[in-house]
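Visitor: Once you've had a glance at the structure underneath, I'll fire off some questions.
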Amino acid sequence: MAKEEKSTSTLMLAGLVVLWYAGNTFYNVYNKKATNLIDAHWTVASAQLIVGIIMSVGMWATGIRKTPNLTQSDILACFPIGLFACLAHCGSVLAAAVGAVSFAQIVKACEPVFAAVVGVLVPPMDIKPPLAYMMLIPIVGGVGLACIKEGKGVDVNVSALLFASMANASAALKGKLGSSVTKAMKADKTKNMDAANVYGVMNIISFFCTVPFVVFYESSTLSEVWNAAVEEHGATPIIQNIVLSGLFYYFYNECAFAFTALVGSVTSSVLNTAKRVIIIVVSSIVFVEPMERNTIMGSALAIGGTFAYSLTSKKAAPKAKTA
């Protein structure tokens with residue numbers, strides 16, 4: 001019986017990883033297609049979250065999932081996490097929109113660098129073992145190498161770099177600020193905040209946080225941009241790609257949250273790193289993104305460094321000897 005349970009558990013974990021990877025890959029493909037069709041990238045990012053909200057609310061309304069039971073203070077406690085989740089999502093969408101998907105993924109491999117800085121600067125201080133900090137060197141070096149084009153020298157899409165960096169910084173802050181809040185809510189069974197509902201609630205807050213950005217950056221031109229896009233491409237492919245990207249965004253995050261809840265953050269972080277390899281390869285094929293020798297070597301170095309950081313960052317630092 002124990003052997004059968006272990007086999008079922010292993011099979012379930014493997015299935016979650018496959019669905020997570022497939023969902024993330026399809027999301028990146030449809031997201032890039034959507035942002036190629038319409039130059040309203042904040043709006044696309046916001047619309048993707050609406051698709052997830054419809055999914056969550058539908059499951060709560062039909063009783064498929066228990067409805068979260070949150071107080072006003074709970075929602076306020078979740079707001080900073082939702083805000084940084086919003087900025088992480090929008091940064092990723094905009095980075096891929098203005099540049100190559102592969103380049104955005106290479107820069108996003110730098111997330112451990114931002115997490116390490118946030119861990120030191122934002123209390124409570126989180127000091128990693130020295131070996132983990134050493135692994136940041138190949139990450140930064142790999143991204144730098146990927147930016148050097150043969151015969152051209154340093155060639156950086158500054159906008160894509162900045163948006164991807166915004167996503168990295170926001171993801172690091174979300175992780176730092178959110179862990180204690182979500183743990184407390186999960187521990188209180190009366191709140192019905194399992195991994196799926198935590199993501200659903202954060203998704204709703206994230207959407208409301210995107211609205212001011214959409215209004216500020218795109219509301220004045222959205223009608224004109226939409227009409228021009230429809231005239232050039234038709235409404236159906238635009239809507240179709242936005243909806244599909246939203247569905248796969250919700251789907252892969254559901255799988256990732258469920259997997260992390262079962263195995264912990266270290267294993268999840270390692271597999272999240274490996275996932276980038278698949279996305280880089282698939283996007284370079286689908287969108288015919290050139291992969292020069294330095295890009296391949298740099299991405300391999302950065303992703304390898306991230307993989308090593310994930311393995312070493314959770315190891316206990318040596319305790320100071322007492323006299």
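Residues in the structure tokens are numbered from 1 in each chain, the chains being A, B, ... in the order shown, and ligands are numbered from 1 in the order shown.
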So which residues touch Ile53 (chain A) within 10 Å, counting only C-alpha atoms, skipping near sequence neighbours fewer than 5 positions away, as a list of chain:residue names?
Guide: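 That gives A:Ala47, A:Gln48, A:Gly58, A:Met59, A:Gly200, A:Val201, A:Met202, A:Asn203, A:Ile204, A:Ile205, A:Phe207, A:Gly246, A:Tyr250.
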Visitor: Only C-alpha atoms, please: the residues just picked out, written as a tab-separated table (two decimals), in the first residue's frame.
Guide:
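To be explicit, this is the file written out as out_39.tsv:
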chain	number	residue	atom	x	y	z
A	47	ALA	CA	-6.72	41.25	-19.63
A	48	GLN	CA	-4.76	38.06	-18.98
A	58	GLY	CA	-16.40	30.33	-11.44
A	59	MET	CA	-14.97	27.57	-9.26
A	200	GLY	CA	-6.61	33.13	-6.97
A	201	VAL	CA	-6.77	35.93	-4.40
A	202	MET	CA	-3.37	37.33	-5.44
A	203	ASN	CA	-4.52	37.25	-9.06
A	204	ILE	CA	-7.57	39.39	-8.24
A	205	ILE	CA	-5.53	41.93	-6.28
A	207	PHE	CA	-5.63	42.83	-11.62
A	246	GLY	CA	-4.59	34.31	-19.98
A	250	TYR	CA	-3.61	30.86	-14.92
Visitor: Which neighbours of Val277 (chain A) fall inside 9 Å, counting only C-alpha atoms, when residues of the same chain fewer than 3 positions from it are skipped, and could you give them as a list in words?
Guide: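 Contacts, in chain order: Gln105, Thr273, Ala274, Ile280, Val281, Val282, Ser299, Ala300 and Ile303 of chain A.
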Visitor: Using only C-alpha atoms, find the one residue out of A:Ile38, A:Leu222, A:Met291, A:Ile296 that sits nearest to Gly234 (chain A).
Guide: A:Ile38
Visitor: If we count only C-alpha atoms, what is near Leu145 (chain A) at a cut-off of 8 Å, once residues fewer than 3 positions away on the same chain are taken out, given as a PDB file with N, CA, C and O atoms, in the first residue's frame?
Guide:
ATOM      1  N   GLY A 141      27.496  37.190 -15.047  1.00  0.00           N
ATOM      2  CA  GLY A 141      28.431  37.032 -16.165  1.00  0.00           C
ATOM      3  C   GLY A 141      27.770  36.429 -17.386  1.00  0.00           C
ATOM      4  O   GLY A 141      28.049  36.839 -18.522  1.00  0.00           O
ATOM      5  N   GLY A 142      26.877  35.469 -17.164  1.00  0.00           N
ATOM      6  CA  GLY A 142      26.179  34.831 -18.277  1.00  0.00           C
ATOM      7  C   GLY A 142      25.266  35.794 -19.008  1.00  0.00           C
ATOM      8  O   GLY A 142      25.224  35.819 -20.245  1.00  0.00           O
ATOM      9  N   ILE A 148      26.609  40.328 -25.595  1.00  0.00           N
ATOM     10  CA  ILE A 148      27.708  40.655 -26.510  1.00  0.00           C
ATOM     11  C   ILE A 148      27.480  39.944 -27.838  1.00  0.00           C
ATOM     12  O   ILE A 148      27.483  38.719 -27.912  1.00  0.00           O
ATOM     13  N   ASN A 294      27.449  33.450 -28.442  1.00  0.00           N
ATOM     14  CA  ASN A 294      27.518  34.111 -27.136  1.00  0.00           C
ATOM     15  C   ASN A 294      26.183  34.045 -26.383  1.00  0.00           C
ATOM     16  O   ASN A 294      26.156  33.934 -25.157  1.00  0.00           O
ATOM     17  N   THR A 295      25.077  34.117 -27.131  1.00  0.00           N
ATOM     18  CA  THR A 295      23.758  34.028 -26.510  1.00  0.00           C
ATOM     19  C   THR A 295      23.553  32.654 -25.892  1.00  0.00           C
ATOM     20  O   THR A 295      23.069  32.527 -24.758  1.00  0.00           O
ATOM     21  N   MET A 297      25.957  30.437 -25.049  1.00  0.00           N
ATOM     22  CA  MET A 297      26.897  30.237 -23.938  1.00  0.00           C
ATOM     23  C   MET A 297      26.482  31.052 -22.710  1.00  0.00           C
ATOM     24  O   MET A 297      26.537  30.565 -21.577  1.00  0.00           O
ATOM     25  N   GLY A 298      26.060  32.296 -22.946  1.00  0.00           N
ATOM     26  CA  GLY A 298      25.660  33.163 -21.841  1.00  0.00           C
ATOM     27  C   GLY A 298      24.425  32.655 -21.131  1.00  0.00           C
ATOM     28  O   GLY A 298      24.357  32.654 -19.891  1.00  0.00           O
TER      29      GLY A 298
END
Visitor: As a list of chain:residue names, please: every residue in region 75-309 of chain A that DSSP puts in strand (DSSP E or B).
Guide: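 These are the residues in question: A:Ile148, A:Lys149, A:Gly153, A:Val154.
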Visitor: Residues of the last selection are to be written out with C-alpha atoms, as an mmCIF file, in the first residue's frame.
Guide:
data_model
loop_
_atom_site.group_PDB
_atom_site.id
_atom_site.type_symbol
_atom_site.label_atom_id
_atom_site.label_comp_id
_atom_site.auth_asym_id
_atom_site.auth_seq_id
_atom_site.Cartn_x
_atom_site.Cartn_y
_atom_site.Cartn_z
ATOM 1 C CA ILE A 148 27.708 40.655 -26.510
ATOM 2 C CA LYS A 149 27.004 40.152 -30.201
ATOM 3 C CA GLY A 153 30.104 44.335 -29.227
ATOM 4 C CA VAL A 154 27.589 44.996 -26.477
#
Visitor: Rounded to one decimal in Å, what is the spacing between CA of Ala45 (chain A) and CA of Leu87 (chain A)?
Guide: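 Result for CA of Ala45 (chain A) versus CA of Leu87 (chain A): 10.0 Å, one decimal.
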Visitor: Could you pull out all residues of region 61-289 of chain A with a DSSP call of alpha helix (DSSP H) and give them as number ranges by chain?
Guide: A: 61-62, 72-98, 101-108, 111-121, 130-134, 136-146, 158-187, 195-218, 222-233, 235-263, 265-286
